[in-house]
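Engineer: Enclosed is the structure file model.cif (mmCIF, C-alpha atoms and all ligand atoms).
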data_structure
loop_
_atom_site.label_atom_id
_atom_site.label_comp_id
_atom_site.auth_asym_id
_atom_site.auth_seq_id
_atom_site.Cartn_x
_atom_site.Cartn_y
_atom_site.Cartn_z
CA MET A 1220 244.47 -66.11 211.90
CA LYS A 1221 245.07 -62.81 213.66
CA THR A 1222 243.98 -59.21 213.14
CA GLN A 1223 243.74 -56.05 215.21
CA VAL A 1224 240.00 -55.48 214.87
CA ALA A 1225 237.48 -58.21 214.02
CA ILE A 1226 234.40 -56.61 212.48
CA ILE A 1227 231.15 -58.60 212.51
CA GLY A 1228 228.77 -57.49 209.75
CA ALA A 1229 229.29 -55.86 206.34
CA GLY A 1230 226.49 -53.28 206.46
CA PRO A 1231 227.38 -49.60 206.16
CA ALA A 1232 228.68 -49.46 209.77
CA GLY A 1233 231.10 -52.38 209.44
CA LEU A 1234 232.33 -51.43 205.98
CA LEU A 1235 232.88 -47.75 206.81
CA LEU A 1236 234.69 -48.60 210.05
CA GLY A 1237 236.91 -51.08 208.21
CA GLN A 1238 237.86 -48.51 205.58
CA LEU A 1239 238.64 -45.77 208.11
CA LEU A 1240 240.75 -48.12 210.26
CA HIS A 1241 242.62 -49.29 207.19
CA LYS A 1242 243.49 -45.65 206.37
CA GLN A 1243 245.13 -45.44 209.80
CA GLY A 1244 247.08 -48.63 209.18
CA ILE A 1245 244.92 -50.67 211.58
CA ASP A 1246 244.41 -54.19 210.27
CA ASN A 1247 240.85 -55.54 210.31
CA VAL A 1248 238.83 -58.48 209.02
CA ILE A 1249 235.10 -58.42 208.22
CA LEU A 1250 232.90 -61.48 208.82
CA GLU A 1251 229.47 -61.34 207.15
CA ARG A 1252 226.69 -63.93 207.33
CA VAL A 1253 225.21 -63.44 203.86
CA SER A 1254 226.67 -62.83 200.37
CA SER A 1255 227.71 -59.38 199.18
CA ASP A 1256 224.95 -59.53 196.53
CA TYR A 1257 222.38 -60.16 199.23
CA VAL A 1258 223.67 -57.22 201.29
CA LEU A 1259 223.32 -55.04 198.17
CA SER A 1260 219.79 -56.23 197.47
CA ARG A 1261 218.43 -54.62 200.64
CA ILE A 1262 216.81 -51.29 199.85
CA ARG A 1263 217.22 -48.83 202.69
CA ALA A 1264 217.12 -45.08 203.26
CA GLY A 1265 219.30 -42.56 201.53
CA VAL A 1266 219.59 -39.20 203.28
CA LEU A 1267 223.14 -38.45 204.46
CA GLU A 1268 224.04 -35.85 207.04
CA GLN A 1269 227.07 -33.65 206.35
CA GLY A 1270 229.01 -35.54 209.04
CA PHE A 1271 228.37 -38.84 207.29
CA ALA A 1272 229.42 -37.41 203.93
CA ASP A 1273 232.61 -36.04 205.51
CA LEU A 1274 233.41 -39.48 206.96
CA MET A 1275 233.01 -41.05 203.51
CA ARG A 1276 235.47 -38.41 202.22
CA GLU A 1277 237.91 -39.12 205.05
CA ALA A 1278 237.67 -42.82 204.20
CA GLY A 1279 238.51 -41.96 200.58
CA VAL A 1280 235.26 -43.45 199.27
CA SER A 1281 233.32 -40.34 198.29
CA LYS A 1282 233.97 -40.01 194.56
CA ARG A 1283 230.64 -41.35 193.32
CA MET A 1284 228.68 -39.92 196.25
CA ASP A 1285 230.04 -36.45 195.42
CA GLN A 1286 229.35 -36.89 191.70
CA GLU A 1287 225.96 -38.59 191.76
CA GLY A 1288 224.49 -37.72 195.16
CA GLU A 1289 222.08 -34.79 195.19
CA VAL A 1290 222.64 -31.96 197.64
CA HIS A 1291 219.29 -30.97 199.17
CA ASP A 1292 218.92 -27.51 200.69
CA GLY A 1293 215.50 -28.25 202.14
CA PHE A 1294 212.47 -30.53 202.39
CA GLU A 1295 208.74 -30.12 202.83
CA MET A 1296 206.22 -31.03 205.48
CA VAL A 1297 202.50 -31.16 204.69
CA LEU A 1298 199.83 -30.41 207.28
CA ASN A 1299 196.17 -30.37 206.29
CA ASP A 1300 197.16 -30.20 202.61
CA ARG A 1301 199.37 -27.14 203.27
CA ARG A 1302 202.94 -27.49 202.04
CA ILE A 1303 205.51 -25.95 204.36
CA ARG A 1304 209.18 -25.84 203.38
CA ILE A 1305 211.99 -26.44 205.86
CA ASP A 1306 214.82 -24.40 204.41
CA LEU A 1307 217.68 -26.44 205.84
CA LYS A 1308 220.40 -24.25 204.40
CA GLY A 1309 218.85 -20.94 205.40
CA LEU A 1310 217.74 -22.02 208.86
CA THR A 1311 221.04 -23.67 209.84
CA GLY A 1312 223.41 -21.12 208.34
CA GLY A 1313 224.50 -23.26 205.42
CA ASP A 1314 224.03 -26.94 206.27
CA THR A 1315 222.47 -29.36 203.79
CA VAL A 1316 221.96 -33.13 203.34
CA ILE A 1317 222.96 -35.43 200.48
CA VAL A 1318 220.46 -37.82 198.92
CA TYR A 1319 222.44 -40.92 197.92
CA GLY A 1320 221.01 -44.44 198.29
CA GLN A 1321 222.41 -46.71 200.96
CA THR A 1322 222.75 -49.46 198.35
CA GLU A 1323 225.09 -47.29 196.26
CA LEU A 1324 227.07 -46.23 199.28
CA THR A 1325 227.47 -49.85 200.37
CA ARG A 1326 228.56 -50.79 196.86
CA ASP A 1327 231.25 -48.06 196.94
CA LEU A 1328 232.51 -49.21 200.34
CA MET A 1329 232.67 -52.85 199.20
CA ALA A 1330 234.59 -51.85 196.05
CA ALA A 1331 237.07 -49.81 198.10
CA ARG A 1332 237.64 -52.78 200.40
CA VAL A 1333 238.41 -55.04 197.45
CA ALA A 1334 240.69 -52.40 195.89
CA THR A 1335 242.68 -52.06 199.12
CA GLN A 1336 242.95 -55.86 199.41
CA GLN A 1337 241.50 -56.08 202.89
CA THR A 1338 240.14 -59.40 204.08
CA SER A 1339 236.38 -59.97 204.16
CA HIS A 1340 234.66 -63.33 204.57
CA TYR A 1341 231.09 -63.45 203.28
CA GLU A 1342 228.60 -66.30 203.81
CA VAL A 1343 230.12 -67.38 207.12
CA ASP A 1344 228.00 -69.19 209.72
CA ASN A 1345 227.87 -69.36 213.46
CA VAL A 1346 229.97 -66.28 214.15
CA ARG A 1347 230.69 -66.08 217.90
CA PRO A 1348 232.71 -63.54 219.88
CA HIS A 1349 234.71 -64.95 222.85
CA ASN A 1350 236.85 -63.74 225.76
CA MET A 1351 235.49 -60.20 225.53
CA LEU A 1352 236.58 -59.36 229.07
CA GLU A 1353 240.12 -60.64 228.56
CA GLU A 1354 243.08 -59.13 226.75
CA ASN A 1355 242.94 -61.78 224.04
CA PRO A 1356 239.44 -61.86 222.59
CA TYR A 1357 238.73 -63.93 219.50
CA VAL A 1358 235.90 -64.75 217.11
CA THR A 1359 235.02 -68.21 215.85
CA TYR A 1360 233.04 -68.85 212.67
CA GLU A 1361 232.32 -71.53 210.11
CA LYS A 1362 232.85 -71.38 206.38
CA ASP A 1363 232.03 -74.24 204.00
CA GLY A 1364 231.66 -76.60 206.96
CA ARG A 1365 235.08 -75.81 208.51
CA GLU A 1366 235.55 -73.94 211.79
CA TYR A 1367 237.96 -70.99 212.03
CA LYS A 1368 239.34 -68.88 214.86
CA LEU A 1369 240.17 -65.20 214.39
CA GLU A 1370 242.29 -63.75 217.19
CA CYS A 1371 242.11 -59.98 217.67
CA ASP A 1372 242.58 -57.04 220.05
CA TYR A 1373 239.02 -55.69 219.74
CA ILE A 1374 235.70 -56.81 218.28
CA ALA A 1375 233.33 -54.40 216.51
CA GLY A 1376 229.74 -55.69 216.52
CA CYS A 1377 228.26 -54.12 213.38
CA ASP A 1378 225.80 -56.95 212.76
CA GLY A 1379 222.48 -55.13 212.91
CA PHE A 1380 219.49 -55.60 215.17
CA HIS A 1381 219.27 -59.40 214.75
CA GLY A 1382 223.02 -60.03 214.96
CA VAL A 1383 224.98 -62.13 217.41
CA SER A 1384 227.08 -59.40 219.07
CA ARG A 1385 224.46 -57.88 221.36
CA LYS A 1386 223.14 -61.35 222.20
CA SER A 1387 226.64 -62.40 223.33
CA ILE A 1388 226.55 -59.93 226.22
CA PRO A 1389 225.17 -61.43 229.46
CA GLU A 1390 221.64 -60.15 230.00
CA ASP A 1391 222.37 -58.74 233.43
CA CYS A 1392 225.14 -56.53 232.02
CA ILE A 1393 222.92 -54.55 229.60
CA LYS A 1394 219.55 -52.88 229.65
CA SER A 1395 217.38 -52.15 226.65
CA TYR A 1396 214.74 -49.48 226.09
CA GLU A 1397 212.10 -50.00 223.44
CA ARG A 1398 208.94 -48.77 221.79
CA VAL A 1399 207.39 -50.83 219.02
CA TYR A 1400 204.93 -48.71 217.04
CA PRO A 1401 201.70 -50.23 215.80
CA GLY A 1402 202.24 -50.41 212.04
CA GLY A 1403 204.99 -49.79 209.55
CA TRP A 1404 205.97 -48.15 206.29
CA LEU A 1405 205.02 -49.74 202.99
CA GLY A 1406 207.68 -48.60 200.51
CA VAL A 1407 207.76 -48.65 196.72
CA LEU A 1408 210.77 -47.97 194.52
CA SER A 1409 209.97 -47.06 190.92
CA ASP A 1410 211.73 -45.74 187.86
CA THR A 1411 209.54 -42.67 187.61
CA PRO A 1412 210.46 -39.00 188.01
CA PRO A 1413 209.93 -37.89 191.63
CA VAL A 1414 206.76 -35.89 192.25
CA ASN A 1415 208.82 -33.12 193.86
CA PRO A 1416 212.53 -32.30 193.60
CA GLU A 1417 212.77 -32.30 197.43
CA LEU A 1418 211.46 -34.82 200.00
CA VAL A 1419 207.87 -34.34 201.18
CA TYR A 1420 206.72 -35.66 204.60
CA VAL A 1421 202.91 -35.75 204.78
CA ARG A 1422 200.69 -35.76 207.87
CA HIS A 1423 197.24 -37.03 206.86
CA GLU A 1424 194.03 -38.34 208.43
CA ARG A 1425 194.53 -41.66 206.61
CA GLY A 1426 198.11 -41.94 207.85
CA PHE A 1427 201.59 -40.68 207.07
CA ALA A 1428 203.12 -40.59 203.58
CA LEU A 1429 206.61 -39.75 202.32
CA CYS A 1430 207.73 -38.81 198.83
CA SER A 1431 211.44 -39.47 198.53
CA LEU A 1432 213.81 -40.15 195.68
CA ARG A 1433 217.06 -41.73 194.63
CA SER A 1434 217.62 -39.52 191.58
CA GLN A 1435 215.55 -37.41 189.21
CA VAL A 1436 214.50 -40.61 187.41
CA ARG A 1437 214.02 -42.94 190.39
CA SER A 1438 211.45 -42.35 193.15
CA ARG A 1439 210.94 -43.87 196.58
CA TYR A 1440 207.49 -43.50 198.15
CA TYR A 1441 206.13 -44.71 201.47
CA ILE A 1442 202.72 -44.92 203.12
CA GLN A 1443 202.03 -45.78 206.74
CA VAL A 1444 200.13 -49.09 207.04
CA GLY A 1445 198.57 -50.93 210.00
CA GLN A 1446 200.42 -53.66 211.87
CA ASP A 1447 198.58 -56.58 210.26
CA GLU A 1448 199.10 -55.45 206.68
CA LYS A 1449 200.89 -57.78 204.25
CA VAL A 1450 202.83 -56.62 201.23
CA GLU A 1451 201.05 -59.23 199.03
CA ASP A 1452 197.78 -57.39 199.59
CA TRP A 1453 199.16 -54.23 198.06
CA SER A 1454 199.10 -54.25 194.27
CA ASP A 1455 200.95 -51.36 192.66
CA GLU A 1456 197.62 -49.83 191.71
CA ARG A 1457 196.31 -49.96 195.26
CA PHE A 1458 199.53 -48.38 196.54
CA TRP A 1459 199.43 -45.47 194.07
CA GLN A 1460 195.76 -44.82 194.77
CA GLU A 1461 196.33 -44.69 198.52
CA LEU A 1462 199.40 -42.48 198.13
CA LYS A 1463 197.44 -40.04 195.95
CA ARG A 1464 194.68 -39.79 198.56
CA ARG A 1465 197.22 -38.64 201.15
CA LEU A 1466 198.98 -36.04 198.96
CA PRO A 1467 197.90 -32.41 198.52
CA LYS A 1468 195.97 -32.00 195.26
CA ASP A 1469 198.75 -30.30 193.27
CA LEU A 1470 201.16 -33.13 194.07
CA ALA A 1471 198.56 -35.87 193.54
CA ASP A 1472 197.74 -34.40 190.11
CA ARG A 1473 201.33 -34.52 188.95
CA LEU A 1474 202.33 -37.85 190.49
CA VAL A 1475 203.80 -40.10 187.79
CA THR A 1476 203.10 -43.76 188.59
CA GLY A 1477 204.74 -46.86 187.16
CA PRO A 1478 205.61 -50.46 187.99
CA SER A 1479 207.31 -50.99 191.33
CA ILE A 1480 210.84 -52.39 191.20
CA GLU A 1481 210.81 -53.09 194.94
CA LYS A 1482 208.02 -53.17 197.50
CA SER A 1483 208.37 -53.98 201.18
CA ILE A 1484 207.06 -53.16 204.64
CA ALA A 1485 209.50 -51.75 207.20
CA PRO A 1486 208.48 -52.02 210.85
CA MET A 1487 208.73 -48.99 213.14
CA ARG A 1488 210.72 -49.40 216.33
CA SER A 1489 212.68 -47.25 218.77
CA PHE A 1490 215.32 -49.27 220.61
CA VAL A 1491 218.50 -48.53 222.56
CA VAL A 1492 220.78 -50.81 224.53
CA GLU A 1493 222.97 -49.50 227.34
CA PRO A 1494 225.91 -49.69 227.58
CA MET A 1495 227.06 -50.13 223.99
CA GLN A 1496 230.12 -52.16 224.97
CA TYR A 1497 231.18 -55.17 226.96
CA GLY A 1498 234.89 -55.33 227.63
CA ARG A 1499 236.58 -55.45 224.24
CA LEU A 1500 233.34 -55.87 222.29
CA PHE A 1501 231.75 -52.67 220.94
CA LEU A 1502 228.26 -52.39 219.48
CA LEU A 1503 227.71 -50.02 216.54
CA GLY A 1504 224.71 -49.00 214.45
CA ASP A 1505 221.58 -51.16 214.41
CA ALA A 1506 223.25 -53.70 216.75
CA ALA A 1507 222.87 -51.09 219.52
CA HIS A 1508 219.97 -48.90 218.47
CA ILE A 1509 217.06 -48.66 216.07
CA VAL A 1510 214.97 -45.64 215.12
CA PRO A 1511 211.73 -45.40 213.17
CA PRO A 1512 212.65 -44.06 209.71
CA THR A 1513 210.79 -40.74 210.00
CA GLY A 1514 213.82 -38.52 210.72
CA ALA A 1515 216.24 -40.36 208.38
CA LYS A 1516 218.50 -40.97 211.37
CA GLY A 1517 219.24 -44.76 211.22
CA LEU A 1518 222.23 -44.70 208.92
CA ASN A 1519 223.44 -41.37 210.26
CA THR A 1520 223.44 -42.47 213.89
CA ALA A 1521 225.38 -45.59 212.90
CA ALA A 1522 227.93 -43.25 211.31
CA SER A 1523 228.48 -41.32 214.52
CA ASP A 1524 229.25 -44.59 216.36
CA VAL A 1525 231.76 -45.38 213.62
CA PHE A 1526 233.32 -41.92 214.01
CA THR A 1527 233.68 -42.41 217.77
CA LEU A 1528 235.15 -45.91 217.65
CA TYR A 1529 237.46 -45.06 214.77
CA ASN A 1530 238.86 -42.06 216.64
CA ILE A 1531 239.25 -44.00 219.86
CA LEU A 1532 240.98 -46.96 218.21
CA THR A 1533 243.28 -44.63 216.26
CA LYS A 1534 244.51 -43.22 219.59
CA VAL A 1535 244.61 -46.62 221.26
CA PHE A 1536 246.79 -48.19 218.57
CA GLY A 1537 248.72 -45.01 217.68
CA GLU A 1538 249.37 -43.49 221.10
CA GLY A 1539 248.58 -46.28 223.55
CA ARG A 1540 245.61 -44.32 224.94
CA THR A 1541 243.79 -47.44 226.22
CA GLU A 1542 241.95 -45.39 228.88
CA LEU A 1543 239.72 -44.06 226.05
CA ILE A 1544 238.21 -47.52 225.54
CA GLU A 1545 235.81 -47.26 228.42
CA LYS A 1546 234.48 -43.89 227.17
CA TYR A 1547 233.06 -45.34 223.94
CA SER A 1548 229.54 -46.07 225.12
CA GLU A 1549 229.08 -42.86 227.06
CA ILE A 1550 230.18 -40.69 224.11
CA CYS A 1551 227.98 -42.57 221.62
CA LEU A 1552 224.88 -42.65 223.78
CA ARG A 1553 224.64 -38.86 224.13
CA ARG A 1554 224.15 -38.49 220.39
CA VAL A 1555 222.18 -41.72 220.05
CA TRP A 1556 219.52 -40.58 222.51
CA ASN A 1557 219.16 -37.31 220.68
CA GLY A 1558 218.61 -39.12 217.38
CA GLU A 1559 216.14 -41.40 219.13
CA ARG A 1560 214.24 -38.46 220.55
CA PHE A 1561 214.08 -36.64 217.21
CA SER A 1562 212.91 -39.76 215.33
CA TRP A 1563 210.30 -40.56 217.99
CA TRP A 1564 209.08 -36.98 217.96
CA MET A 1565 208.86 -36.75 214.15
CA SER A 1566 207.04 -40.09 214.15
CA ASN A 1567 204.51 -38.96 216.73
CA MET A 1568 203.98 -35.63 215.01
CA MET A 1569 203.44 -37.04 211.52
CA HIS A 1570 201.70 -40.42 212.01
CA LYS A 1571 198.33 -41.61 213.15
CA PHE A 1572 198.91 -44.54 215.52
CA GLU A 1573 196.00 -46.64 216.74
CA ASP A 1574 197.35 -46.64 220.30
CA THR A 1575 197.41 -42.82 220.53
CA SER A 1576 194.56 -41.44 222.63
CA GLU A 1577 192.24 -38.89 221.07
CA PHE A 1578 193.56 -36.35 223.52
CA ASN A 1579 197.21 -36.96 222.59
CA GLU A 1580 196.24 -36.87 218.92
CA LYS A 1581 194.99 -33.30 219.44
CA MET A 1582 198.16 -32.42 221.34
CA TYR A 1583 200.41 -33.69 218.52
CA ALA A 1584 198.36 -31.84 215.89
CA SER A 1585 198.66 -28.63 217.88
CA GLU A 1586 202.36 -29.13 218.59
CA ILE A 1587 203.40 -29.64 214.97
CA GLU A 1588 201.24 -26.69 213.84
CA TYR A 1589 203.06 -24.58 216.41
CA TYR A 1590 206.54 -25.67 215.32
CA LEU A 1591 205.81 -25.12 211.64
CA SER A 1592 204.24 -21.71 212.20
CA SER A 1593 207.49 -20.05 213.28
CA ASP A 1594 211.07 -19.83 212.06
CA VAL A 1595 212.29 -20.81 215.53
CA GLY A 1596 210.24 -24.04 215.40
CA LYS A 1597 211.38 -24.80 211.87
CA ARG A 1598 214.99 -24.14 212.90
CA VAL A 1599 214.71 -26.73 215.70
CA ILE A 1600 213.61 -29.30 213.11
CA ALA A 1601 216.24 -28.21 210.55
CA GLU A 1602 219.13 -28.34 213.01
CA GLN A 1603 218.38 -31.93 213.92
CA TYR A 1604 217.55 -33.06 210.40
CA VAL A 1605 220.96 -31.95 209.08
CA GLY A 1606 222.54 -33.67 212.10
CA LEU A 1607 224.09 -32.47 215.34
CA PRO A 1608 227.90 -32.28 215.44
CA TYR A 1609 229.81 -35.41 216.45
CA ASP A 1610 231.11 -35.41 220.00
CA ASP A 1611 234.84 -34.97 220.55
CA ILE A 1612 236.27 -38.13 222.14
CA GLU A 1613 238.40 -36.04 224.51
CA SER A 1614 235.35 -34.21 225.92
N1 LIG B 1701 227.21 -62.83 211.71
C1 LIG B 1701 227.74 -62.06 210.73
N2 LIG B 1701 227.06 -61.06 210.13
C2 LIG B 1701 225.82 -60.81 210.56
C3 LIG B 1701 225.20 -61.57 211.59
C4 LIG B 1701 225.96 -62.62 212.16
N3 LIG B 1701 225.45 -63.38 213.14
N4 LIG B 1701 223.96 -61.10 211.79
C5 LIG B 1701 223.79 -60.08 210.94
N5 LIG B 1701 224.89 -59.90 210.18
C6 LIG B 1701 225.10 -58.91 209.10
C7 LIG B 1701 223.87 -58.68 208.26
O1 LIG B 1701 223.74 -59.65 207.25
C8 LIG B 1701 224.13 -57.29 207.71
O2 LIG B 1701 224.78 -57.30 206.47
O3 LIG B 1701 225.39 -57.66 209.67
C9 LIG B 1701 225.03 -56.64 208.74
C10 LIG B 1701 224.35 -55.51 209.49
O4 LIG B 1701 224.07 -54.47 208.60
P1 LIG B 1701 222.85 -53.45 208.79
O5 LIG B 1701 221.64 -54.18 209.23
O6 LIG B 1701 222.77 -52.63 207.55
O7 LIG B 1701 223.32 -52.59 210.05
P2 LIG B 1701 224.26 -51.31 210.16
O8 LIG B 1701 225.51 -51.46 209.35
O9 LIG B 1701 224.36 -51.01 211.60
O10 LIG B 1701 223.35 -50.23 209.45
C11 LIG B 1701 223.13 -49.00 209.92
O11 LIG B 1701 221.91 -48.66 207.87
O12 LIG B 1701 220.98 -50.55 206.92
C12 LIG B 1701 220.71 -49.42 207.66
O13 LIG B 1701 218.81 -49.97 208.98
C13 LIG B 1701 220.20 -49.80 208.98
O14 LIG B 1701 219.80 -47.60 209.32
C14 LIG B 1701 220.65 -48.63 209.70
C15 LIG B 1701 222.01 -48.33 209.20
C1 LIG B 1702 214.22 -42.93 201.79
O1 LIG B 1702 214.48 -42.27 200.78
O2 LIG B 1702 214.19 -44.17 201.75
C2 LIG B 1702 213.93 -42.22 203.05
C3 LIG B 1702 214.11 -40.85 203.12
C4 LIG B 1702 213.84 -40.17 204.29
C5 LIG B 1702 213.39 -40.87 205.41
C6 LIG B 1702 213.23 -42.24 205.35
C7 LIG B 1702 213.51 -42.94 204.18
O3 LIG B 1702 213.10 -40.18 206.54
#
Is it possible to give me this structure as structure tokens?
Ligand code: APR
Ligand code: PHB
Structural biologist:
Amino acid sequence: MKTQVAIIGAGPAGLLLGQLLHKQGIDNVILERVSSDYVLSRIRAGVLEQGFADLMREAGVSKRMDQEGEVHDGFEMVLNDRRIRIDLKGLTGGDTVIVYGQTELTRDLMAARVATQQTSHYEVDNVRPHNMLEENPYVTYEKDGREYKLECDYIAGCDGFHGVSRKSIPEDCIKSYERVYPGGWLGVLSDTPPVNPELVYVRHERGFALCSLRSQVRSRYYIQVGQDEKVEDWSDERFWQELKRRLPKDLADRLVTGPSIEKSIAPMRSFVVEPMQYGRLFLLGDAAHIVPPTGAKGLNTAASDVFTLYNILTKVFGEGRTELIEKYSEICLRRVWNGERFSWWMSNMMHKFEDTSEFNEKMYASEIEYYLSSDVGKRVIAEQYVGLPYDDIES
């Protein structure tokens, strides 16, 4: 078997890259470890930057996102029970975000791939990239007990944080940077009307809370929990009670509770690997970097890697511009580090971590008060929340 680009992983990064490459006539095959149903069962974030939405449009997969996704002009931050609105549209001169669940977006990308008859192999084992430093790389994998070889020109490692791509790079050729935060987010999805039409990020003595949504009839709420907490110890009732304690009174009073349809704990980690490539293997999305969820940057940063690789490969295959290959990592990392910094900063400002000194705690409280007390400070937050522009690959 032979293709131009072998894509490892059918998360949003792999699927979006595959669709964009296909539009340019670049043949690609996706290899995914689990079933498509399993991929769709994972509940993840759902705030899309304009750049991400535009990429979905360019890929021709935006119909449902544009119909059902909600455009949000702003969101709220709560400090000491005071609700402060970040007017994204007003502060950025017109930019907004779209609230559209990652599950739905993944479903749309999978459907588009089937409709365009591109090859995807789900439930494959032992995927391994080979010959990455040579001109003829290939990927081996097993399916139903048989071994296969997929020859290709380039390999896109879109296989998430625990995938095989990053691990295939010799350790002395990459360096990683990491902060693991003490604790995580306990999330509940419920078919209840959201407490507020816009997202609400809450800083509270008892820990952070977030009121988010998937639609006006489906809510997503999170509370910060300690690192030893187990999801089994959190009944729905206990979750709702704790959430209410962290919300300002007007929101707590009108919170509609109901049975959870999903409940899980997401860890909080900042992680970047440098460089994001090894010969003809490229790392994209969670395979190369992780952010804590506070700034809604995980999916969006994955999308900017996709944008960069897609544009480079279009010129490589279309115009023979192979010199662009070695620029991939450098271009991606500029934007990646900014997303990392914003997510780390938002996390520090809004959470109470047990490893933060009392002094730093005071500093963070003062810093976020300062930002939210002026339009300049709010603009700094707004500009990053809607997403910085993608870097031009010729720059
Ligand atoms: N072989 C093949 N596929 C693999 C392997 C492997 N060895 N290991 C992991 N995968 C698959 C996973 O099953 C998953 O479907 O790779 C996919 C990676 O998808 P995501 O984890 O969603 O990563 P990515 O596409 O980079 O997502 C970017 O969306 O899901 C969020 O948290 C994620 O915010 C991040 C963003
Ligand atoms: C979500 O809706 O799941 C969500 C929204 C915003 C975030 C993180 C998660 O910052």
Engineer: At a cut-off of 6 Å around ligand LIG 1701 (chain B), and using all atoms listed in the file, what residues come up? Please write them as a list in words.
Structural biologist: Ile1227, Gly1228, Ala1229, Gly1230, Pro1231, Ala1232, Gly1233, Leu1250, Glu1251, Arg1252, Val1253, Val1258, Arg1263, Val1346, Cys1377, Asp1378, Gly1379, His1381, Gly1382, Val1383, Gly1504, Asp1505, Ala1506, Gly1517, Leu1518 and Ala1521 of chain A
Engineer: Would you please work out which residue, of A:Arg1261, A:Arg1302, A:Arg1464, A:Arg1473, is nearest to ligand LIG 1702 (chain B) when using all atoms listed in the file?
Structural biologist: A:Arg1261
Engineer: If we count only C-alpha atoms and set the cut-off at 12 Å, which residues sit around A:Val1333, ignoring sequence neighbours fewer than 6 positions away in its own chain? Please answer as a tab-separated table (two decimals) with C-alpha atoms, in the frame of the given file.
Structural biologist:
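Saved result, selection_33.tsv, follows:
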chain	number	residue	atom	x	y	z
A	1234	LEU	CA	232.33	-51.43	205.98
A	1237	GLY	CA	236.91	-51.08	208.21
A	1238	GLN	CA	237.86	-48.51	205.58
A	1249	ILE	CA	235.10	-58.42	208.22
A	1255	SER	CA	227.71	-59.38	199.18
A	1326	ARG	CA	228.56	-50.79	196.86
A	1327	ASP	CA	231.25	-48.06	196.94
A	1339	SER	CA	236.38	-59.97	204.16
A	1340	HIS	CA	234.66	-63.33	204.57
Engineer: Write out as AutoDock Vina command-line options an axis-aligned box for stretch 1270-1274 of chain A: all of its atoms listed in the file, 5 Å added on each side, centre and edge lengths in Å with one decimal.
Structural biologist:
--center_x 230.9 --center_y -37.5 --center_z 206.5 --size_x 15.0 --size_y 13.9 --size_z 15.1
Engineer: Give the residue list for ligand LIG 1702 (chain B) at 7 Å, counting only C-alpha atoms and all ligand atoms, as a ChimeraX atom specification, sorted by chain and then by residue number.
Structural biologist: /A:1263-1266,1431-1433,1439,1512-1515
Engineer: Tell me, in Å to one decimal, how far atom CA of A:Gln1286 is from atom CA of A:Thr1476.
Structural biologist: 27.3 Å
Engineer: Ranking A:Met1284, A:Ile1305, A:Val1492, A:Val1419 by minimum distance to A:Ile1317 and counting all atoms listed in the file, which one comes first?
Structural biologist: A:Met1284
Engineer: Name the closest residue to A:Tyr1360 among the candidates A:Val1414, A:Leu1503, A:Ile1600, A:Ala1225; distances are taken between atoms, counting only C-alpha atoms.
Structural biologist: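 Checking each candidate against A:Tyr1360, we get A:Ala1225 as the closest.
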Engineer: May I ask which of the residues A:Leu1274, A:Ile1484, A:Ala1375, A:Leu1240 is the closest one to A:Gly1406, counting all atoms listed in the file?
Structural biologist: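 Looking only at the distances to A:Gly1406, the closest residue turns out to be A:Ile1484.
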Engineer: One decimal, in Å: what's the spacing between atom CA of A:Thr1222 and atom CA of A:Arg1365?
Structural biologist: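 Computing the Euclidean distance for atom CA of A:Thr1222 and atom CA of A:Arg1365 yields 19.4 Å.
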Engineer: Rank nothing, just name the residue among A:Leu1418, A:Val1510, A:Val1318, A:Val1343 nearest to A:Arg1304, using all atoms listed in the file.
Structural biologist: A:Leu1418
Engineer: Missing atoms in stretch 1369-1374 of chain A should be modelled up to N, CA, C and O atoms and reported as a PDB file, in the coordinates of the input.
Structural biologist:
ATOM      1  N   LEU A1369     239.533 -66.469 214.725  1.00  0.00           N
ATOM      2  CA  LEU A1369     240.170 -65.200 214.390  1.00  0.00           C
ATOM      3  C   LEU A1369     240.553 -64.492 215.685  1.00  0.00           C
ATOM      4  O   LEU A1369     239.681 -64.015 216.424  1.00  0.00           O
ATOM      5  N   GLU A1370     241.832 -64.436 215.976  1.00  0.00           N
ATOM      6  CA  GLU A1370     242.290 -63.750 217.190  1.00  0.00           C
ATOM      7  C   GLU A1370     242.373 -62.250 216.898  1.00  0.00           C
ATOM      8  O   GLU A1370     242.671 -61.852 215.768  1.00  0.00           O
ATOM      9  N   CYS A1371     242.131 -61.425 217.916  1.00  0.00           N
ATOM     10  CA  CYS A1371     242.110 -59.980 217.670  1.00  0.00           C
ATOM     11  C   CYS A1371     242.345 -59.213 218.973  1.00  0.00           C
ATOM     12  O   CYS A1371     242.374 -59.805 220.059  1.00  0.00           O
ATOM     13  N   ASP A1372     242.471 -57.884 218.843  1.00  0.00           N
ATOM     14  CA  ASP A1372     242.580 -57.040 220.050  1.00  0.00           C
ATOM     15  C   ASP A1372     241.195 -56.530 220.460  1.00  0.00           C
ATOM     16  O   ASP A1372     240.916 -56.368 221.646  1.00  0.00           O
ATOM     17  N   TYR A1373     240.365 -56.218 219.457  1.00  0.00           N
ATOM     18  CA  TYR A1373     239.020 -55.690 219.740  1.00  0.00           C
ATOM     19  C   TYR A1373     238.030 -56.281 218.740  1.00  0.00           C
ATOM     20  O   TYR A1373     238.416 -56.663 217.632  1.00  0.00           O
ATOM     21  N   ILE A1374     236.762 -56.299 219.169  1.00  0.00           N
ATOM     22  CA  ILE A1374     235.700 -56.810 218.280  1.00  0.00           C
ATOM     23  C   ILE A1374     234.672 -55.699 218.074  1.00  0.00           C
ATOM     24  O   ILE A1374     234.196 -55.109 219.058  1.00  0.00           O
TER      25      ILE A1374
END
